[in-house]
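Report on the structure given below.
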Amino acid sequence: MSVPLLVVDAANVLGSKPDGWWRDRAGATAKLRDGLMGINATGLPDLPGPVEVVLVVEGRARDVPAVDGVRVVRASGSGDDTIVAVVAAEGAGRRTVVVTADRGLRERVTALGAEVRGPSSVPR
């Protein structure tokens with residue numbers, strides 16, 4: 001049995017809570033990344049660990065480095081297109097969950113067989 005894949009839309013998760021993240025996008029993204037640490041071992045409700053955690057970053061947050069337990073994928077263009085590419089390339093044959101509230105992205109990834117959870121499903 002393969003390890004499930006959890007793909008987090010960093011920009012969308014950050015944008016879901018108006019807490020001033022826009023003043024320091026890279027710092028807010030690093031904080032989100034750090035909040036995701038540990039999920040690879042513990043999982044989420046209804047998604048038990050181990051889980052492969054991928055954080056897709058874009059724009060000013062593109063330089064946020066990966067940490068143990070969280071792989072960072074840098075979007076060279078559209079973050080949504082990058083998420084779809086990750087799901088298409090790595091999600092086949094394994095349970096894949098995408099964290100986003102973006103309706104268009106939700107449709108695109110569910111068409112590839114992924115499940116979707118809202119931004120509040122991960123710690124920030």
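Chain lettering (A, B, ...) mirrors the order of the structure tokens, residue numbering begins at 1 for each chain separately, and ligand numbering begins at 1 in order of display.
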
*Distance query Gly113 (chain A) at most 9 Å, only C-alpha atoms, self and fewer than 6 positions along chain excluded, as a count of residues only*: 5

Contact table region 20-119 of chain A vs region 4-15 of chain A, cut-off 6 Å, shortest pair per residue, only C-alpha atoms, as a Markdown table:
| residue | atom | partner | partner_atom | distance |
| --- | --- | --- | --- | --- |
| A:Val51 | CA | A:Pro4 | CA | 5.1 |
| A:Glu52 | CA | A:Leu5 | CA | 4.9 |
| A:Val53 | CA | A:Leu6 | CA | 4.9 |
| A:Val54 | CA | A:Val7 | CA | 4.8 |
| A:Leu55 | CA | A:Val8 | CA | 4.8 |
| A:Val56 | CA | A:Asp9 | CA | 5.5 |
| A:Val57 | CA | A:Ala10 | CA | 5.6 |
| A:Arg94 | CA | A:Pro4 | CA | 5.8 |
| A:Arg95 | CA | A:Pro4 | CA | 4.8 |
| A:Thr96 | CA | A:Leu5 | CA | 4.7 |
| A:Val97 | CA | A:Leu6 | CA | 4.9 |
| A:Val98 | CA | A:Val7 | CA | 4.7 |
| A:Val99 | CA | A:Val8 | CA | 4.8 |
| A:Thr100 | CA | A:Asp9 | CA | 5.6 |
| A:Pro119 | CA | A:Val13 | CA | 4.9 |

Resulting file, chosen residues, N, CA, C and O atoms, as a PDB file, in the first residue's frame:
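Done, and the output landed in out-v3.pdb:
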ATOM      1  N   VAL A  51       2.147  10.157   5.810  1.00  0.00           N
ATOM      2  CA  VAL A  51       1.627  10.911   4.677  1.00  0.00           C
ATOM      3  C   VAL A  51       2.779  11.693   4.065  1.00  0.00           C
ATOM      4  O   VAL A  51       3.605  12.249   4.791  1.00  0.00           O
ATOM      5  N   GLU A  52       2.853  11.741   2.744  1.00  0.00           N
ATOM      6  CA  GLU A  52       3.821  12.613   2.083  1.00  0.00           C
ATOM      7  C   GLU A  52       3.189  13.992   1.962  1.00  0.00           C
ATOM      8  O   GLU A  52       2.115  14.137   1.371  1.00  0.00           O
ATOM      9  N   VAL A  53       3.845  15.009   2.530  1.00  0.00           N
ATOM     10  CA  VAL A  53       3.306  16.371   2.544  1.00  0.00           C
ATOM     11  C   VAL A  53       4.066  17.223   1.530  1.00  0.00           C
ATOM     12  O   VAL A  53       5.293  17.321   1.577  1.00  0.00           O
ATOM     13  N   VAL A  54       3.310  17.858   0.622  1.00  0.00           N
ATOM     14  CA  VAL A  54       3.877  18.740  -0.392  1.00  0.00           C
ATOM     15  C   VAL A  54       3.209  20.102  -0.259  1.00  0.00           C
ATOM     16  O   VAL A  54       1.981  20.202  -0.261  1.00  0.00           O
ATOM     17  N   LEU A  55       4.014  21.137  -0.117  1.00  0.00           N
ATOM     18  CA  LEU A  55       3.530  22.517  -0.040  1.00  0.00           C
ATOM     19  C   LEU A  55       3.891  23.210  -1.343  1.00  0.00           C
ATOM     20  O   LEU A  55       5.072  23.326  -1.685  1.00  0.00           O
ATOM     21  N   VAL A  56       2.881  23.659  -2.085  1.00  0.00           N
ATOM     22  CA  VAL A  56       3.130  24.353  -3.350  1.00  0.00           C
ATOM     23  C   VAL A  56       3.122  25.853  -3.081  1.00  0.00           C
ATOM     24  O   VAL A  56       2.151  26.403  -2.560  1.00  0.00           O
ATOM     25  N   VAL A  57       4.257  26.493  -3.422  1.00  0.00           N
ATOM     26  CA  VAL A  57       4.437  27.924  -3.165  1.00  0.00           C
ATOM     27  C   VAL A  57       4.602  28.667  -4.483  1.00  0.00           C
ATOM     28  O   VAL A  57       5.021  28.096  -5.488  1.00  0.00           O
ATOM     29  N   ARG A  94      -2.545   6.203  -5.710  1.00  0.00           N
ATOM     30  CA  ARG A  94      -2.446   6.438  -4.268  1.00  0.00           C
ATOM     31  C   ARG A  94      -3.489   7.454  -3.838  1.00  0.00           C
ATOM     32  O   ARG A  94      -3.948   8.261  -4.648  1.00  0.00           O
ATOM     33  N   ARG A  95      -3.858   7.392  -2.593  1.00  0.00           N
ATOM     34  CA  ARG A  95      -4.811   8.364  -2.074  1.00  0.00           C
ATOM     35  C   ARG A  95      -4.143   9.740  -2.085  1.00  0.00           C
ATOM     36  O   ARG A  95      -3.040   9.907  -1.574  1.00  0.00           O
ATOM     37  N   THR A  96      -4.828  10.708  -2.685  1.00  0.00           N
ATOM     38  CA  THR A  96      -4.292  12.059  -2.809  1.00  0.00           C
ATOM     39  C   THR A  96      -5.327  13.042  -2.290  1.00  0.00           C
ATOM     40  O   THR A  96      -6.493  12.989  -2.674  1.00  0.00           O
ATOM     41  N   VAL A  97      -4.871  13.935  -1.408  1.00  0.00           N
ATOM     42  CA  VAL A  97      -5.733  14.965  -0.836  1.00  0.00           C
ATOM     43  C   VAL A  97      -5.101  16.318  -1.124  1.00  0.00           C
ATOM     44  O   VAL A  97      -3.912  16.516  -0.864  1.00  0.00           O
ATOM     45  N   VAL A  98      -5.907  17.238  -1.646  1.00  0.00           N
ATOM     46  CA  VAL A  98      -5.451  18.598  -1.927  1.00  0.00           C
ATOM     47  C   VAL A  98      -6.174  19.533  -0.961  1.00  0.00           C
ATOM     48  O   VAL A  98      -7.391  19.456  -0.802  1.00  0.00           O
ATOM     49  N   VAL A  99      -5.407  20.420  -0.329  1.00  0.00           N
ATOM     50  CA  VAL A  99      -5.979  21.395   0.598  1.00  0.00           C
ATOM     51  C   VAL A  99      -6.065  22.737  -0.110  1.00  0.00           C
ATOM     52  O   VAL A  99      -5.049  23.362  -0.410  1.00  0.00           O
ATOM     53  N   THR A 100      -7.300  23.165  -0.385  1.00  0.00           N
ATOM     54  CA  THR A 100      -7.566  24.431  -1.070  1.00  0.00           C
ATOM     55  C   THR A 100      -9.049  24.756  -0.931  1.00  0.00           C
ATOM     56  O   THR A 100      -9.861  23.861  -0.685  1.00  0.00           O
ATOM     57  N   PRO A 119      -9.085  24.848   3.750  1.00  0.00           N
ATOM     58  CA  PRO A 119      -7.906  25.383   4.425  1.00  0.00           C
ATOM     59  C   PRO A 119      -7.865  25.129   5.930  1.00  0.00           C
ATOM     60  O   PRO A 119      -6.784  24.994   6.507  1.00  0.00           O
TER      61      PRO A 119
END

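What separates CA of Ala30 (chain A) from CA of Ala85 (chain A) is a distance of 22.6 Å.
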
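Picture a line from CA of Lys31 (chain A) to CA of Val67 (chain A); it runs 11.6 Å.
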
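Taking CA of Arg108 (chain A) and CA of Ile83 (chain A) as the two end points, the separation is 9.6 Å.
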
_Excluding Pro50 (chain A) and its own-chain neighbours fewer than 5 positions away, which residues fall within 7 Å of it when counting only C-alpha atoms? Please give them as a list in words._
Val3, Asn40, Ala41, Thr42 and Gly43 of chain A

*Could you give me the residues within chain A that DSSP places in helix (DSSP H, G or I), as an MDAnalysis selection string?*
chainID A and resid 10:15 21:23 25:36 39:42 59:61 79:90 103:110 119:121

_Sel. of strand (DSSP E or B) residues, chain A, as number ranges by chain_ = A: 5-9, 43-44, 47-48, 52-57, 67, 70-74, 96-99, 115-117

*Counting only C-alpha atoms, the residue of A:Arg71, A:Thr110, A:Arg25, A:Ser76 that sits nearest Ala88 (chain A)*: A:Thr110

If we count only C-alpha atoms, what is near Val84 (chain A) at a cut-off of 9 Å, once residues fewer than 5 positions away on the same chain are taken out, given as a tab-separated table (two decimals) with N, CA, C and O atoms, in the first residue's frame?
chain	number	residue	atom	x	y	z
A	79	GLY	N	0.29	28.69	-9.54
A	79	GLY	CA	0.30	27.71	-8.47
A	79	GLY	C	-0.72	26.61	-8.71
A	79	GLY	O	-0.46	25.43	-8.45
A	89	ALA	N	1.13	13.80	-11.82
A	89	ALA	CA	2.39	13.04	-11.89
A	89	ALA	C	2.58	12.08	-10.72
A	89	ALA	O	3.15	11.01	-10.89
A	105	LEU	N	-9.78	24.98	-8.94
A	105	LEU	CA	-8.74	23.98	-8.65
A	105	LEU	C	-9.37	22.71	-8.10
A	105	LEU	O	-8.95	21.61	-8.46
A	108	ARG	N	-10.55	20.68	-10.95
A	108	ARG	CA	-9.45	20.11	-11.74
A	108	ARG	C	-8.82	18.90	-11.05
A	108	ARG	O	-8.51	17.91	-11.71
A	109	VAL	N	-8.61	18.98	-9.73
A	109	VAL	CA	-7.93	17.87	-9.06
A	109	VAL	C	-8.87	16.70	-8.77
A	109	VAL	O	-8.45	15.55	-8.79
A	112	LEU	N	-9.00	14.34	-11.49
A	112	LEU	CA	-7.84	13.44	-11.52
A	112	LEU	C	-7.92	12.38	-10.42
A	112	LEU	O	-6.99	11.59	-10.26

Cut-off 10 Å: closest region 35-124 of chain A/region 17-22 of chain A atom pairs per residue, using only C-alpha atoms, as a Markdown table:
| residue | atom | partner | partner_atom | distance |
| --- | --- | --- | --- | --- |
| A:Arg60 | CA | A:Trp22 | CA | 9.9 |
| A:Pro119 | CA | A:Lys17 | CA | 9.0 |
| A:Ser120 | CA | A:Lys17 | CA | 9.3 |
| A:Arg124 | CA | A:Lys17 | CA | 9.5 |

Can I get the selection written as an mmCIF file, in the first residue's frame, with N, CA, C and O atoms?
data_model
loop_
_atom_site.group_PDB
_atom_site.id
_atom_site.type_symbol
_atom_site.label_atom_id
_atom_site.label_comp_id
_atom_site.auth_asym_id
_atom_site.auth_seq_id
_atom_site.Cartn_x
_atom_site.Cartn_y
_atom_site.Cartn_z
ATOM 1 N N ARG A 60 6.144 35.671 -4.138
ATOM 2 C CA ARG A 60 7.158 36.090 -3.175
ATOM 3 C C ARG A 60 7.506 35.016 -2.154
ATOM 4 O O ARG A 60 8.478 35.159 -1.420
ATOM 5 N N PRO A 119 -9.085 24.848 3.750
ATOM 6 C CA PRO A 119 -7.906 25.383 4.425
ATOM 7 C C PRO A 119 -7.865 25.129 5.930
ATOM 8 O O PRO A 119 -6.784 24.994 6.507
ATOM 9 N N SER A 120 -9.011 25.049 6.581
ATOM 10 C CA SER A 120 -9.011 24.847 8.029
ATOM 11 C C SER A 120 -8.633 23.418 8.433
ATOM 12 O O SER A 120 -8.478 23.133 9.612
ATOM 13 N N ARG A 124 -2.138 26.244 10.876
ATOM 14 C CA ARG A 124 -1.454 27.415 10.320
ATOM 15 C C ARG A 124 -0.649 28.090 11.377
ATOM 16 O O ARG A 124 -1.045 28.495 12.356
#

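You can rank A:Glu115, A:Asp81, A:Glu90, A:Asp68 by their closest distance to Ile39 (chain A) using only C-alpha atoms, and at the top of that list sits A:Asp68.
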